[in-house]
Structure formats: structure tokens, C-alpha cells
file start.cif (mmCIF, C-alpha atoms)
data_upload
loop_
_atom_site.label_atom_id
_atom_site.label_comp_id
_atom_site.auth_asym_id
_atom_site.auth_seq_id
_atom_site.Cartn_x
_atom_site.Cartn_y
_atom_site.Cartn_z
CA MET A 1 128.87 -32.74 -5.77
CA THR A 2 131.72 -34.50 -7.50
CA PRO A 3 133.30 -37.79 -6.45
CA ALA A 4 136.47 -35.87 -5.56
CA ALA A 5 134.67 -34.33 -2.58
CA LEU A 6 133.88 -37.71 -1.01
CA SER A 7 135.57 -38.32 2.30
CA VAL A 8 138.43 -40.78 2.18
CA PRO A 9 136.96 -43.37 4.61
CA MET A 10 133.74 -43.38 2.57
CA ALA A 11 135.71 -43.88 -0.66
CA ILE A 12 137.64 -46.75 0.95
CA LEU A 13 134.39 -48.37 2.11
CA ILE A 14 132.80 -48.04 -1.34
CA SER A 15 135.92 -49.39 -3.07
CA ALA A 16 136.23 -52.34 -0.70
CA ALA A 17 132.59 -53.35 -1.20
CA LEU A 18 132.89 -52.99 -4.97
CA VAL A 19 136.08 -55.01 -5.39
CA GLY A 20 134.95 -57.55 -2.79
CA GLY A 21 131.70 -58.16 -4.63
CA ALA A 22 133.51 -58.54 -7.94
CA LEU A 23 135.89 -61.05 -6.34
CA PHE A 24 132.91 -63.05 -5.03
CA ALA A 25 131.53 -63.17 -8.57
CA LEU A 26 134.92 -64.28 -9.88
CA ALA A 27 135.11 -67.05 -7.27
CA GLY A 28 131.71 -68.29 -8.43
CA ALA A 29 132.85 -68.34 -12.05
CA VAL A 30 136.04 -70.22 -11.18
CA GLY A 31 133.89 -72.79 -9.41
CA ALA A 32 131.56 -73.07 -12.40
CA VAL A 33 134.55 -73.77 -14.64
CA ARG A 34 136.52 -76.09 -12.36
CA LEU A 35 133.98 -78.27 -10.54
CA ARG A 36 133.49 -81.65 -12.15
CA THR A 37 129.81 -82.60 -12.30
CA PHE A 38 126.78 -80.55 -13.23
CA TYR A 39 125.21 -80.87 -9.80
CA GLN A 40 128.37 -79.47 -8.20
CA ARG A 41 128.65 -76.69 -10.75
CA VAL A 42 125.11 -75.43 -10.04
CA HIS A 43 126.17 -74.23 -6.59
CA ALA A 44 129.12 -72.03 -7.55
CA PRO A 45 127.46 -69.18 -9.53
CA THR A 46 125.11 -68.40 -6.64
CA LEU A 47 128.13 -66.81 -4.90
CA GLY A 48 127.97 -64.08 -7.51
CA SER A 49 124.21 -63.69 -7.44
CA SER A 50 123.99 -63.49 -3.63
CA MET A 51 127.05 -62.04 -1.90
CA GLY A 52 128.59 -60.49 -5.01
CA MET A 53 125.32 -58.83 -5.92
CA PHE A 54 124.73 -57.59 -2.36
CA LEU A 55 128.19 -56.05 -2.02
CA ILE A 56 128.14 -54.31 -5.41
CA LEU A 57 124.62 -52.97 -4.90
CA ALA A 58 125.55 -51.79 -1.39
CA SER A 59 128.56 -49.96 -2.76
CA SER A 60 126.36 -48.36 -5.44
CA ILE A 61 123.84 -47.27 -2.81
CA LEU A 62 126.62 -45.80 -0.65
CA TYR A 63 128.20 -44.04 -3.61
CA PHE A 64 125.05 -42.39 -4.94
CA SER A 65 123.82 -41.49 -1.44
CA ALA A 66 127.16 -39.84 -0.65
CA VAL A 67 127.48 -38.01 -3.96
CA ARG A 68 123.92 -36.67 -3.95
CA ARG A 69 123.82 -36.05 -0.19
CA ALA A 70 120.45 -37.79 -0.02
CA PRO A 71 119.52 -41.43 0.50
CA VAL A 72 119.26 -43.27 -2.85
CA PHE A 73 117.80 -46.72 -2.39
CA HIS A 74 116.46 -47.84 -5.74
CA GLU A 75 119.14 -50.54 -6.11
CA ILE A 76 117.23 -52.42 -3.41
CA LEU A 77 114.67 -53.24 -6.12
CA ILE A 78 117.23 -55.29 -8.04
CA ALA A 79 118.47 -56.97 -4.85
CA VAL A 80 114.97 -58.05 -3.81
CA PHE A 81 114.07 -59.19 -7.31
CA LEU A 82 117.25 -61.25 -7.79
CA THR A 83 116.99 -62.78 -4.32
CA LEU A 84 113.46 -63.91 -5.13
CA THR A 85 114.06 -65.16 -8.66
CA THR A 86 117.47 -66.87 -8.56
CA PRO A 87 116.28 -69.88 -6.51
CA ILE A 88 113.18 -70.23 -8.67
CA SER A 89 115.04 -70.39 -11.96
CA LEU A 90 117.82 -72.60 -10.55
CA MET A 91 115.34 -75.10 -9.10
CA LEU A 92 113.47 -75.23 -12.41
CA ILE A 93 116.68 -75.87 -14.33
CA VAL A 94 117.98 -78.48 -11.88
CA ARG A 95 114.68 -80.36 -11.85
CA ALA A 96 114.75 -80.34 -15.64
CA ALA A 97 118.33 -81.65 -15.59
CA LEU A 98 117.35 -84.35 -13.08
CA ALA A 99 114.44 -85.42 -15.28
CA ARG A 100 116.74 -85.55 -18.30
CA ASP A 101 119.31 -87.63 -16.43
CA ARG A 102 116.65 -90.05 -15.22
CA MET A 103 115.19 -90.33 -18.71
CA GLU A 104 118.61 -91.36 -19.97
CA GLY A 105 118.99 -93.87 -17.15
CA SER A 106 122.11 -92.20 -15.79
CA GLU A 107 123.57 -93.92 -12.72
CA ASP A 108 124.82 -90.71 -11.16
CA VAL A 109 121.37 -89.64 -9.93
CA PRO A 110 119.13 -91.44 -7.44
CA PRO A 111 116.19 -93.24 -9.05
CA LEU A 112 112.62 -92.21 -8.50
CA SER A 113 111.33 -93.51 -5.20
CA PRO A 114 108.90 -96.38 -5.78
CA GLU A 115 106.46 -95.26 -3.07
CA PRO A 116 104.66 -91.98 -3.51
CA GLY A 117 103.92 -90.04 -0.36
CA ASP A 118 107.21 -90.67 1.42
CA GLY A 119 108.41 -87.19 0.58
CA MET A 120 111.07 -88.46 -1.80
CA SER A 121 109.04 -89.02 -4.94
CA ASP A 122 108.77 -86.44 -7.68
CA ARG A 123 105.08 -86.97 -8.36
CA ARG A 124 105.94 -86.40 -11.99
CA GLU A 125 106.07 -90.03 -13.07
CA ASP A 126 103.72 -89.23 -15.93
CA VAL A 127 106.28 -86.88 -17.54
CA MET B 1 142.57 -38.74 -3.43
CA SER B 2 139.13 -40.31 -3.08
CA ALA B 3 138.33 -39.72 -6.77
CA ALA B 4 141.53 -41.51 -7.79
CA LEU B 5 140.80 -44.36 -5.38
CA LEU B 6 137.28 -44.73 -6.76
CA ASN B 7 138.55 -44.65 -10.33
CA VAL B 8 141.05 -47.41 -9.65
CA SER B 9 138.62 -49.58 -7.71
CA ILE B 10 135.82 -49.22 -10.27
CA LEU B 11 138.25 -50.14 -13.04
CA ALA B 12 139.48 -53.13 -11.00
CA ALA B 13 135.91 -54.29 -10.34
CA GLN B 14 135.04 -53.94 -14.03
CA SER B 15 138.09 -55.97 -15.07
CA ILE B 16 137.27 -58.69 -12.53
CA LEU B 17 133.64 -58.83 -13.69
CA ALA B 18 134.76 -59.00 -17.32
CA ALA B 19 137.05 -61.92 -16.45
CA THR B 20 134.08 -63.54 -14.69
CA MET B 21 131.96 -63.16 -17.80
CA LEU B 22 134.74 -64.72 -19.90
CA LEU B 23 134.85 -67.73 -17.57
CA TYR B 24 131.08 -68.18 -17.88
CA LEU B 25 131.37 -67.76 -21.65
CA PHE B 26 133.94 -70.58 -21.65
CA ARG B 27 131.54 -72.81 -19.69
CA MET B 28 128.71 -71.84 -22.05
CA LEU B 29 130.70 -72.77 -25.15
CA ARG B 30 132.23 -75.87 -23.59
CA GLY B 31 129.01 -77.39 -22.28
CA PRO B 32 129.19 -80.35 -22.04
CA ARG B 33 125.39 -80.60 -21.76
CA ALA B 34 122.53 -78.21 -22.37
CA GLN B 35 121.88 -77.66 -18.66
CA ASP B 36 125.49 -76.49 -18.14
CA ARG B 37 125.02 -73.91 -20.86
CA VAL B 38 121.73 -72.70 -19.35
CA ILE B 39 123.27 -72.30 -15.88
CA ALA B 40 126.24 -70.46 -17.38
CA LEU B 41 123.89 -68.14 -19.31
CA ASP B 42 121.94 -67.45 -16.12
CA ALA B 43 125.11 -66.47 -14.26
CA PHE B 44 126.37 -64.59 -17.32
CA TYR B 45 123.47 -62.18 -17.36
CA VAL B 46 123.70 -61.59 -13.60
CA THR B 47 127.37 -60.69 -14.04
CA GLY B 48 126.55 -58.42 -16.97
CA MET B 49 124.00 -56.68 -14.79
CA LEU B 50 126.63 -56.10 -12.08
CA LEU B 51 128.98 -54.73 -14.74
CA LEU B 52 126.30 -52.25 -15.83
CA ILE B 53 125.92 -51.07 -12.23
CA THR B 54 129.66 -50.37 -11.99
CA LEU B 55 129.37 -48.47 -15.29
CA GLY B 56 126.61 -46.37 -13.72
CA MET B 57 128.91 -45.59 -10.79
CA ARG B 58 131.66 -44.52 -13.18
CA THR B 59 129.42 -42.13 -15.14
CA GLY B 60 127.32 -41.04 -12.17
CA SER B 61 124.08 -41.58 -14.07
CA THR B 62 121.08 -43.65 -12.98
CA LEU B 63 120.18 -44.68 -16.54
CA TYR B 64 122.37 -47.76 -16.15
CA PHE B 65 120.36 -48.78 -13.12
CA GLU B 66 117.24 -48.99 -15.27
CA ALA B 67 119.08 -51.00 -17.91
CA SER B 68 120.29 -53.45 -15.27
CA ALA B 69 116.78 -53.78 -13.81
CA ILE B 70 115.52 -54.71 -17.28
CA ILE B 71 118.33 -57.24 -17.68
CA ALA B 72 117.37 -58.82 -14.35
CA LEU B 73 113.70 -59.07 -15.37
CA LEU B 74 114.30 -60.46 -18.86
CA GLY B 75 117.07 -62.77 -17.66
CA PHE B 76 114.72 -64.40 -15.18
CA ALA B 77 112.09 -64.88 -17.89
CA SER B 78 114.65 -66.41 -20.24
CA SER B 79 116.00 -68.77 -17.57
CA VAL B 80 112.50 -69.98 -16.76
CA ALA B 81 111.74 -70.46 -20.46
CA LEU B 82 114.98 -72.40 -20.99
CA GLY B 83 114.30 -74.55 -17.92
CA LYS B 84 110.84 -75.33 -19.23
CA PHE B 85 112.31 -76.16 -22.62
CA LEU B 86 114.82 -78.55 -21.04
CA MET B 87 112.03 -80.23 -19.11
CA ARG B 88 109.42 -80.63 -21.83
CA GLY B 89 111.04 -79.79 -25.15
CA GLU B 90 108.56 -76.95 -25.59
CA VAL B 91 108.28 -73.51 -24.05
CA ILE B 92 104.55 -72.87 -24.54
CA GLU B 93 102.26 -75.88 -24.48
#
call {"tool": "encode", "arguments": {"input": "start.cif", "output": "C-alpha cells"}}
result
Amino acid sequence: MTPAALSVPMAILISAALVGGALFALAGAVGAVRLRTFYQRVHAPTLGSSMGMFLILASSILYFSAVRRAPVFHEILIAVFLTLTTPISLMLIVRAALARDRMEGSEDVPPLSPEPGDGMSDRREDV
Amino acid sequence: MSAALLNVSILAAQSILAATMLLYLFRMLRGPRAQDRVIALDAFYVTGMLLLITLGMRTGSTLYFEASAIIALLGFASSVALGKFLMRGEVIE
């Protein structure tokens, strides 16, 4: 079956999800360019890797399911994998950035808490 | 009608994603610090993966899906390696 035989409401739905997801990704990139400090800039790109990714993958699932007249769900693999891994890599990078800032004695980040065990300390004082 | 609509919207999504990648490229080149570049690279590969998925929709082939799955896997590994490098100055200790 060719894309030309898709029903018009289905095509509108697929197009809206596709362009919407791309616009979410663009909003994240604008944030990454325009926000002022590193710790603010970390937040913006996650727009693209959560909502942008979900919308584009959903539109791909809809498109292939409609064209092949059978459910096609393999894009879910990418969605699950990205949802699991994005927080892991971002937390690693931000903790590394925090350690670097503290090593340089920057005043923009809170210092290490003096008392371990209050939930605020990094337990990485030996680094 | 629906084929024309899909053509236009896929092209629009690809242009928007390309602009997104250019913005991340700007942040990657500009810095100002290593962690900014790493974050921009992380977002850059996610956007490239989304661009490959729209390419797969344009051609109607699932080969691009496999390429984007590989990009997602390797991109995560590279982000973790870069984060470790920022933290310790070494990737494998």
C-alpha cells in the first residue's frame, strides 16, 4: 500500500505528531543556546529527548502501521531505551560538572556539606 | 492529498530537526566549558537519530530504524564515557 492511499485524518494526525515533535526538539535547542549558565542549559535538551522523541516515534509507528495494515511497534524499543538512558548519562555528566566546579572553588555551586549522613553530602570527598 | 501532506510535513520536520542540530553544533563549538560541549553532543546525537527516523518514513524502509537504534546505543555509551572522563580524567581505570 502506498502513502497516497492513507486516509486524510490519519495523514493529518501523523503530520501533526511529526512536526510537533520536531518543534519540541527545536525548542530544546533554542533553550540550550540561549540559557545563561550550564546548570540551566542542562534542562533544555531533555525536551527533545522526551516529548520530541515520543511524538516522532508515535508518528512513525502510526505511519508504518497504517501503510502496512498491520501493527508495527519496533520503535517502542528506541523509546524505552532512550527513556532509560537519558537520565543516567545526564546525571553522570552533571555530577562530573559539579565536581569540576567544586574543584575549581567556583562560588556558583553549593559547597560540600560538612556532615556526612544528612542526605546532602556527596560521599565522594576522596575524589 | 494525503501523500502530498505527508511529503510536506516530513520535509518540514526534517528542516526543523536540521536547524535543531545546527543550534546544538553552535553550542558544541562555542562551549564555553567541556561539560557544555558534552551535553550538546548528547542532544546532537538524539536529534540525528530523530532525523534518521523521519528519513525512514520518507523512504518507507525499516533499515533506518536499525541505524537509529544503533545511534541510540552508541550515543549512550559515548555520553557515559565522556562523563567519566570529565569526572576522573580517564575513561578506563
call {"tool": "atom_distance", "arguments": {"input": "start.cif", "atom1": "atom CA of Ser50 of chain A", "atom2": "atom CA of Ser15 of chain B"}}
result
19.7 Å
call {"tool": "closest_atom_pairs", "arguments": {"input": "start.cif", "of": "chain B", "to": "chain A", "cutoff": "8 Å", "atoms": "all atoms listed in the file", "output": "CSV"}}
result
residue,atom,partner,partner_atom,distance
B:Met1,CA,A:Ala4,CA,7.1
B:Ser2,CA,A:Val8,CA,5.3
B:Ala3,CA,A:Ala4,CA,4.4
B:Ala4,CA,A:Ala4,CA,7.9
B:Leu5,CA,A:Ala11,CA,7.0
B:Leu6,CA,A:Ser15,CA,6.1
B:Ser9,CA,A:Ser15,CA,5.4
B:Ile10,CA,A:Leu18,CA,7.1
B:Ala12,CA,A:Val19,CA,6.8
B:Ala13,CA,A:Val19,CA,5.0
B:Gln14,CA,A:Ala22,CA,7.8
B:Ile16,CA,A:Ala22,CA,5.9
B:Leu17,CA,A:Ala22,CA,5.8
B:Ala19,CA,A:Leu26,CA,7.3
B:Thr20,CA,A:Leu26,CA,4.9
B:Met21,CA,A:Ala29,CA,7.8
B:Leu23,CA,A:Ala29,CA,5.9
B:Tyr24,CA,A:Ala29,CA,6.1
B:Phe26,CA,A:Val33,CA,7.7
B:Arg27,CA,A:Val33,CA,6.0
B:Gln35,CA,A:Ala97,CA,6.2
B:Asp36,CA,A:Phe38,CA,6.5
B:Val38,CA,A:Ile93,CA,7.8
B:Ile39,CA,A:Val42,CA,6.9
B:Ala40,CA,A:Ala32,CA,7.7
B:Ala43,CA,A:Pro45,CA,5.9
B:Val46,CA,A:Ser49,CA,6.5
B:Thr47,CA,A:Ala25,CA,7.3
B:Leu50,CA,A:Met53,CA,6.9
B:Ile53,CA,A:Ser60,CA,7.3
B:Thr54,CA,A:Ser60,CA,7.6
B:Met57,CA,A:Ser60,CA,6.5
B:Gly60,CA,A:Phe64,CA,7.7
B:Phe65,CA,A:Glu75,CA,7.3
B:Ala69,CA,A:Ile78,CA,6.0
B:Ala72,CA,A:Leu82,CA,7.0
B:Phe76,CA,A:Thr85,CA,6.6
B:Ser79,CA,A:Ser89,CA,5.9
B:Val80,CA,A:Ser89,CA,5.4
B:Leu82,CA,A:Ile93,CA,7.7
B:Gly83,CA,A:Ile93,CA,4.5
B:Lys84,CA,A:Ala96,CA,7.3
B:Leu86,CA,A:Ala96,CA,5.7
B:Met87,CA,A:Ala96,CA,4.4
call {"tool": "closest_residue", "arguments": {"input": "start.cif", "among": "B:Leu51, B:Asn7, B:Arg37, B:Asp42", "to": "Pro87 of chain A", "atoms": "only C-alpha atoms"}}
result
B:Asp42
call {"tool": "axis_aligned_box", "arguments": {"input": "start.cif", "around": "segment 44-51 of chain B", "padding_each_side": "3 Å", "output": "lines of an AutoDock Vina configuration file"}}
result
center_x = 126.2
center_y = -59.7
center_z = -14.7
size_x = 11.5
size_y = 15.9
size_z = 11.3
call {"tool": "atom_distance", "arguments": {"input": "start.cif", "atom1": "atom CA of Leu41 of chain B", "atom2": "atom CA of Ala77 of chain B"}}
result
12.3 Å
call {"tool": "closest_residue", "arguments": {"input": "start.cif", "among": "B:Gly31, B:Leu25, B:Val8, B:Tyr45", "to": "Ser78 of chain B", "atoms": "only C-alpha atoms"}}
result
B:Tyr45
call {"tool": "atom_distance", "arguments": {"input": "start.cif", "atom1": "atom CA of Gln40 of chain A", "atom2": "atom CA of Leu52 of chain B"}}
result
28.3 Å
call {"tool": "closest_residue", "arguments": {"input": "start.cif", "among": "B:Ala67, B:Glu90, B:Leu73, B:Arg58", "to": "Val80 of chain A", "atoms": "all atoms listed in the file"}}
result
B:Leu73
call {"tool": "decode", "arguments": {"input": "start.cif", "residues": "segment 14-78 of chain A", "atoms": "C-alpha atoms", "output": "compact mmCIF listing (two decimals), in the first residue's frame"}}
result
# COMPACT_ATOMS: atom_id res chain seq x y z
CA ILE A 14 0.80 11.65 11.52
CA SER A 15 1.89 15.06 10.19
CA ALA A 16 0.85 16.87 13.36
CA ALA A 17 2.78 14.46 15.59
CA LEU A 18 5.84 14.65 13.35
CA VAL A 19 6.01 18.44 13.11
CA GLY A 20 5.06 18.83 16.77
CA GLY A 21 7.88 16.55 17.86
CA ALA A 22 10.37 18.40 15.68
CA LEU A 23 9.21 21.71 17.17
CA PHE A 24 9.74 20.32 20.69
CA ALA A 25 13.29 19.39 19.71
CA LEU A 26 13.83 22.86 18.28
CA ALA A 27 12.55 24.47 21.50
CA GLY A 28 15.07 22.40 23.45
CA ALA A 29 17.91 23.51 21.19
CA VAL A 30 16.91 27.17 21.48
CA GLY A 31 16.99 26.76 25.25
CA ALA A 32 20.41 25.12 25.10
CA VAL A 33 21.74 28.07 23.11
CA ARG A 34 20.04 30.91 24.99
CA LEU A 35 20.05 29.96 28.68
CA ARG A 36 22.90 31.51 30.61
CA THR A 37 24.50 29.01 32.98
CA PHE A 38 25.45 25.39 32.45
CA TYR A 39 23.05 24.13 35.10
CA GLN A 40 20.16 25.89 33.36
CA ARG A 41 21.24 24.67 29.94
CA VAL A 42 21.21 21.01 31.04
CA HIS A 43 17.42 21.07 31.33
CA ALA A 44 16.52 22.31 27.86
CA PRO A 45 17.66 19.43 25.58
CA THR A 46 15.55 16.93 27.53
CA LEU A 47 12.51 18.46 25.79
CA GLY A 48 13.79 16.91 22.58
CA SER A 49 14.72 13.58 24.12
CA SER A 50 11.39 13.13 25.92
CA MET A 51 8.39 14.77 24.25
CA GLY A 52 10.05 15.30 20.87
CA MET A 53 11.20 11.70 20.76
CA PHE A 54 7.79 10.38 21.86
CA LEU A 55 5.86 12.36 19.25
CA ILE A 56 8.17 11.48 16.35
CA LEU A 57 8.28 7.79 17.28
CA ALA A 58 4.48 7.77 17.68
CA SER A 59 4.06 9.28 14.24
CA SER A 60 6.46 6.68 12.81
CA ILE A 61 4.50 3.87 14.49
CA LEU A 62 1.21 5.26 13.14
CA TYR A 63 2.64 5.70 9.66
CA PHE A 64 4.13 2.22 9.30
CA SER A 65 1.10 0.56 10.92
CA ALA A 66 -1.23 2.36 8.50
CA VAL A 67 0.86 1.74 5.41
CA ARG A 68 1.42 -1.96 6.12
CA ARG A 69 -2.08 -2.54 7.53
CA ALA A 70 -0.54 -4.36 10.50
CA PRO A 71 0.69 -3.11 13.86
CA VAL A 72 4.39 -2.16 13.70
CA PHE A 73 5.75 -1.45 17.15
CA HIS A 74 9.51 -1.80 16.98
CA GLU A 75 10.06 1.95 17.51
CA ILE A 76 9.00 1.31 21.11
CA LEU A 77 12.46 -0.23 21.61
CA ILE A 78 14.14 3.12 20.96
